[in-house]
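Inspection log for the structure reproduced underneath, given as structure tokens.
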Amino acid sequence: MNRTTGTLTVNVAAVVANWQTVAAHARNSITSAVIKADAYGLGAAHIGPALYRAGCRHFFFATLPEAISAGATLGADSHCYLLGGAPAGAEAELVRHKLQPVLSSLAAIERWLQWRASAGLSAEAAPAAVKFDTGMTRFGLAPEQLAALLDDGARWAALAPTLLMSHLAVADDSRNPQNARQRDGFFALAGRAKQMQPSLLLSLANSCGIYLGRDYHADLVRPGAALYGFNPSPQGVAPVTSVAHLSLPVLAVRALNRPAQVGYGAEHRAAPGQVLAVAAGGYADGLHRILGTHGYGLCRGVPVPVVGRVSMDSTVFDVSAALPHGCPLNDAEPLSIEVMNSDTLTLDALSQRNHALGYEVLTSLRSGRYHRVYCPEAL
Ligand SMILES: *Cc1c(COP(=O)(O)O)cnc(C)c1O
């Protein structure tokens, strides 16, 4: 079938292989998977179960709706954490779906304990995680608030969280001394908590944090980016395999016989003899994040630059190098342009070229109208 929208191919086997690479590196810790935002836009309902089959049992989500829909695809012995915490009034719903809130303030802890008591549930029946801040100033108890909670041994025992976590702010810069300060601040308090409650799991490291060294691993590591095939660190520390491939069908080809202006704002001037291809996909599909201002794609393996502005639904490429003027086009052989692959147009290469983050590039594809293809994990 000739498609009129792009095809986003997700190599689930590569996601699983990336998870296994992290798990082998952090072999003394539990390797979880952060599958928030629909697994960074790639499809949590496909990726979550594949990771579960590979042995992953701890999963992180951000919001309740995404956790409910993707959590349902995971095995019953999974531990699912909700980074956004428990929305007021949704406590029973969380417990029903076996979701553990990550409690990040004294008020959230208080509300959870009160609800648990009123529902007559034990800490085991309504498990929760706790987050404290070691230098990010986003979510989490202040260290002195956690210290006070630990001083009140009975209250800590009543709360009995399953997991105590914090988050690194500059893990992508391995030379920044803040990493060690956060690590030391984390273990000073978390170590005390674990002494009081040996079953407590401690967790600090995201993808980059994992590659800062074993002293950052704690009991459980939380990779996201490394699973989805990109390196958040400019030092490129995580050995990752690309997982996403994106190609756009060409909807129209114009061989120019006279000078022409291309696209909105008439910003680009094309010359006679040039061949332009109008490909399906524009900023409504998140393409401006991939292509940037000087983007190019591959047409029949040949680099072809974007010309003019990216439109909402389409993008024009100068395909003269791939399709010389006068070269007959065979309708039976649909033409497409690759804009992301696992070779020269990797997510890392694209985000570096556009001064964007791999996170932004990938999640901006979520809104896209792509036909999605999932390559299954190897058996
Ligand atoms: C998103 C997130 C992660 C994963 O981070 P990556 O850099 O993608 O590995 C880990 N922990 C928390 C708290 C997060 O919000």
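Residue numbers start at 1 in each chain; chains themselves are named A, B, ... in the order of the structure tokens; ligands are numbered from 1 in the order shown.
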Distance filter 7 Å around ligand 1, atoms: only C-alpha atoms and all ligand atoms, out as a list in words: Val34, Leu83, His167, Ala205, Asn206, Ser207, Cys208, Arg222, Pro223, Gly224, Ala225, Ala226 and Pro232 of chain A
For those residues, write N, CA and C atoms to a file as a PDB file, in the first residue's frame.
ATOM      1  N   VAL A  34      12.341   3.107  32.833  1.00  0.00           N
ATOM      2  CA  VAL A  34      11.489   4.295  32.881  1.00  0.00           C
ATOM      3  C   VAL A  34      10.716   4.335  31.562  1.00  0.00           C
ATOM      4  N   LEU A  83       5.803   8.557  39.223  1.00  0.00           N
ATOM      5  CA  LEU A  83       6.708   9.649  39.613  1.00  0.00           C
ATOM      6  C   LEU A  83       5.937  10.910  39.999  1.00  0.00           C
ATOM      7  N   HIS A 167      17.224  12.242  42.583  1.00  0.00           N
ATOM      8  CA  HIS A 167      17.482  12.368  41.143  1.00  0.00           C
ATOM      9  C   HIS A 167      18.681  13.283  40.930  1.00  0.00           C
ATOM     10  N   ALA A 205      20.325   6.690  40.346  1.00  0.00           N
ATOM     11  CA  ALA A 205      20.876   6.956  39.007  1.00  0.00           C
ATOM     12  C   ALA A 205      19.885   6.784  37.860  1.00  0.00           C
ATOM     13  N   ASN A 206      19.839   7.789  36.978  1.00  0.00           N
ATOM     14  CA  ASN A 206      19.204   7.666  35.660  1.00  0.00           C
ATOM     15  C   ASN A 206      20.283   7.177  34.681  1.00  0.00           C
ATOM     16  N   SER A 207      20.016   7.226  33.373  1.00  0.00           N
ATOM     17  CA  SER A 207      20.975   6.654  32.399  1.00  0.00           C
ATOM     18  C   SER A 207      22.395   7.178  32.607  1.00  0.00           C
ATOM     19  N   CYS A 208      22.555   8.490  32.606  1.00  0.00           N
ATOM     20  CA  CYS A 208      23.911   9.044  32.729  1.00  0.00           C
ATOM     21  C   CYS A 208      24.504   8.728  34.093  1.00  0.00           C
ATOM     22  N   ARG A 222      17.615   3.530  37.264  1.00  0.00           N
ATOM     23  CA  ARG A 222      16.409   3.945  36.529  1.00  0.00           C
ATOM     24  C   ARG A 222      16.739   4.472  35.143  1.00  0.00           C
ATOM     25  N   PRO A 223      17.116   3.614  34.218  1.00  0.00           N
ATOM     26  CA  PRO A 223      17.430   4.111  32.877  1.00  0.00           C
ATOM     27  C   PRO A 223      16.178   4.416  32.046  1.00  0.00           C
ATOM     28  N   GLY A 224      16.250   5.506  31.304  1.00  0.00           N
ATOM     29  CA  GLY A 224      15.225   5.822  30.298  1.00  0.00           C
ATOM     30  C   GLY A 224      15.949   5.940  28.967  1.00  0.00           C
ATOM     31  N   ALA A 225      16.638   7.069  28.778  1.00  0.00           N
ATOM     32  CA  ALA A 225      17.325   7.378  27.516  1.00  0.00           C
ATOM     33  C   ALA A 225      18.137   6.205  26.963  1.00  0.00           C
ATOM     34  N   ALA A 226      18.913   5.571  27.821  1.00  0.00           N
ATOM     35  CA  ALA A 226      19.809   4.498  27.338  1.00  0.00           C
ATOM     36  C   ALA A 226      19.012   3.353  26.714  1.00  0.00           C
ATOM     37  N   PRO A 232      22.349  10.940  26.586  1.00  0.00           N
ATOM     38  CA  PRO A 232      22.117  12.321  27.003  1.00  0.00           C
ATOM     39  C   PRO A 232      23.422  13.067  27.264  1.00  0.00           C
TER      40      PRO A 232
END
If DSSP is run on the backbone, what residues of segment 34-193 of chain A are strand (DSSP E)? A reply as an MDAnalysis selection string would be ideal. chainID A and resid 34 58:61 79:82 99:103 129:131 163:165
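Nearest to Val102 of chain A of all the residues A:Pro161, A:Gly297, A:Gly6, A:Gly43 is A:Pro161, based on only C-alpha atoms.
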Segment 273-280 of chain A surroundings by only C-alpha atoms, 8 Å radius, close-in-sequence under 3 positions cut, as a PyMOL selection string: chain A and resi 4-6+248-258+270+313-320+323-325+336-337
Export of prior selection with N, CA, C and O atoms as a short mmCIF file (atom, residue, chain, number, x, y, z; two decimals), in the first residue's frame:
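This is the output file result-v6.cif:
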data_model
loop_
_atom_site.label_atom_id
_atom_site.label_comp_id
_atom_site.auth_asym_id
_atom_site.auth_seq_id
_atom_site.Cartn_x
_atom_site.Cartn_y
_atom_site.Cartn_z
N THR A 4 0.34 7.62 2.98
CA THR A 4 0.41 9.07 2.89
C THR A 4 0.92 9.68 4.19
O THR A 4 0.90 10.89 4.36
N THR A 5 1.35 8.83 5.11
CA THR A 5 2.01 9.35 6.32
C THR A 5 3.31 8.57 6.50
O THR A 5 3.48 7.49 5.93
N GLY A 6 4.19 9.14 7.31
CA GLY A 6 5.49 8.52 7.54
C GLY A 6 5.36 7.21 8.32
O GLY A 6 4.33 6.92 8.92
N LEU A 248 9.66 8.99 5.42
CA LEU A 248 8.50 9.77 4.97
C LEU A 248 8.22 9.45 3.51
O LEU A 248 9.15 9.46 2.69
N PRO A 249 6.97 9.18 3.17
CA PRO A 249 6.67 8.93 1.75
C PRO A 249 6.71 10.25 0.97
O PRO A 249 6.34 11.30 1.50
N VAL A 250 7.16 10.18 -0.25
CA VAL A 250 7.15 11.36 -1.12
C VAL A 250 5.80 11.40 -1.83
O VAL A 250 5.39 10.42 -2.47
N LEU A 251 5.09 12.53 -1.68
CA LEU A 251 3.75 12.63 -2.25
C LEU A 251 3.77 13.31 -3.62
O LEU A 251 2.84 13.15 -4.41
N ALA A 252 4.80 14.11 -3.88
CA ALA A 252 4.87 14.79 -5.18
C ALA A 252 6.33 15.07 -5.51
O ALA A 252 7.13 15.33 -4.62
N VAL A 253 6.66 14.97 -6.80
CA VAL A 253 8.01 15.31 -7.27
C VAL A 253 7.87 16.40 -8.32
O VAL A 253 6.99 16.33 -9.18
N ARG A 254 8.67 17.43 -8.22
CA ARG A 254 8.63 18.53 -9.21
C ARG A 254 10.02 18.72 -9.79
O ARG A 254 10.95 19.03 -9.06
N ALA A 255 10.13 18.51 -11.07
CA ALA A 255 11.39 18.79 -11.77
C ALA A 255 11.26 20.21 -12.31
O ALA A 255 10.35 20.51 -13.09
N LEU A 256 12.14 21.12 -11.92
CA LEU A 256 11.97 22.54 -12.25
C LEU A 256 12.58 22.87 -13.61
O LEU A 256 13.72 22.50 -13.90
N ASN A 257 11.79 23.60 -14.40
CA ASN A 257 12.30 24.07 -15.69
C ASN A 257 12.56 25.57 -15.66
O ASN A 257 13.07 26.13 -16.62
N ARG A 258 12.16 26.22 -14.60
CA ARG A 258 12.41 27.66 -14.46
C ARG A 258 12.67 27.96 -12.98
O ARG A 258 12.36 27.12 -12.12
N ALA A 270 14.87 28.12 -5.81
CA ALA A 270 15.38 26.92 -6.49
C ALA A 270 15.66 27.25 -7.96
O ALA A 270 15.03 28.14 -8.53
N ASP A 313 2.16 19.92 7.45
CA ASP A 313 1.96 18.53 7.05
C ASP A 313 2.97 18.01 6.04
O ASP A 313 2.89 16.86 5.63
N SER A 314 3.86 18.88 5.59
CA SER A 314 4.79 18.43 4.56
C SER A 314 6.12 19.16 4.66
O SER A 314 6.22 20.22 5.29
N THR A 315 7.11 18.58 4.02
CA THR A 315 8.47 19.14 4.00
C THR A 315 9.03 18.90 2.60
O THR A 315 8.82 17.82 2.03
N VAL A 316 9.73 19.91 2.07
CA VAL A 316 10.26 19.78 0.71
C VAL A 316 11.77 19.51 0.77
O VAL A 316 12.49 20.16 1.53
N PHE A 317 12.20 18.54 0.02
CA PHE A 317 13.62 18.18 -0.05
C PHE A 317 14.11 18.42 -1.48
O PHE A 317 13.37 18.19 -2.44
N ASP A 318 15.37 18.85 -1.60
CA ASP A 318 15.99 18.96 -2.92
C ASP A 318 16.63 17.60 -3.20
O ASP A 318 17.68 17.27 -2.66
N VAL A 319 15.97 16.82 -4.04
CA VAL A 319 16.42 15.45 -4.28
C VAL A 319 17.22 15.33 -5.58
O VAL A 319 17.41 14.22 -6.11
N SER A 320 17.73 16.47 -6.09
CA SER A 320 18.44 16.45 -7.38
C SER A 320 19.57 15.42 -7.39
O SER A 320 19.82 14.77 -8.41
N LEU A 323 17.91 11.94 -7.72
CA LEU A 323 16.93 11.75 -8.80
C LEU A 323 17.20 12.82 -9.87
O LEU A 323 16.51 13.81 -9.93
N PRO A 324 18.23 12.65 -10.68
CA PRO A 324 18.60 13.72 -11.60
C PRO A 324 17.44 14.14 -12.51
O PRO A 324 16.58 13.32 -12.84
N HIS A 325 17.45 15.41 -12.85
CA HIS A 325 16.42 15.99 -13.72
C HIS A 325 16.31 15.13 -14.99
O HIS A 325 17.33 14.77 -15.59
N SER A 336 10.62 7.32 -0.95
CA SER A 336 10.52 7.80 0.42
C SER A 336 11.84 8.43 0.84
O SER A 336 12.87 8.27 0.17
N ILE A 337 11.77 9.18 1.92
CA ILE A 337 12.96 9.86 2.43
C ILE A 337 13.14 9.46 3.89
O ILE A 337 12.22 9.60 4.71
#
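You can rank A:Thr344, A:Ser122, A:Asn18, A:Asn330 by their closest distance to Glu377 of chain A using only C-alpha atoms, and at the top of that list sits A:Asn18.
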Of the candidates A:Asp184, A:Arg353, A:Leu189, A:Arg57, which one gets nearest to Leu149 of chain A if we count only C-alpha atoms? A:Leu189
Using the chain letters and numbers from this document, which residues of segment 45-239 of chain A does DSSP assign to alpha helix (DSSP H), as number ranges by chain? A: 45-53, 64-71, 91-96, 106-118, 143-151, 153-159, 178-196, 207-210
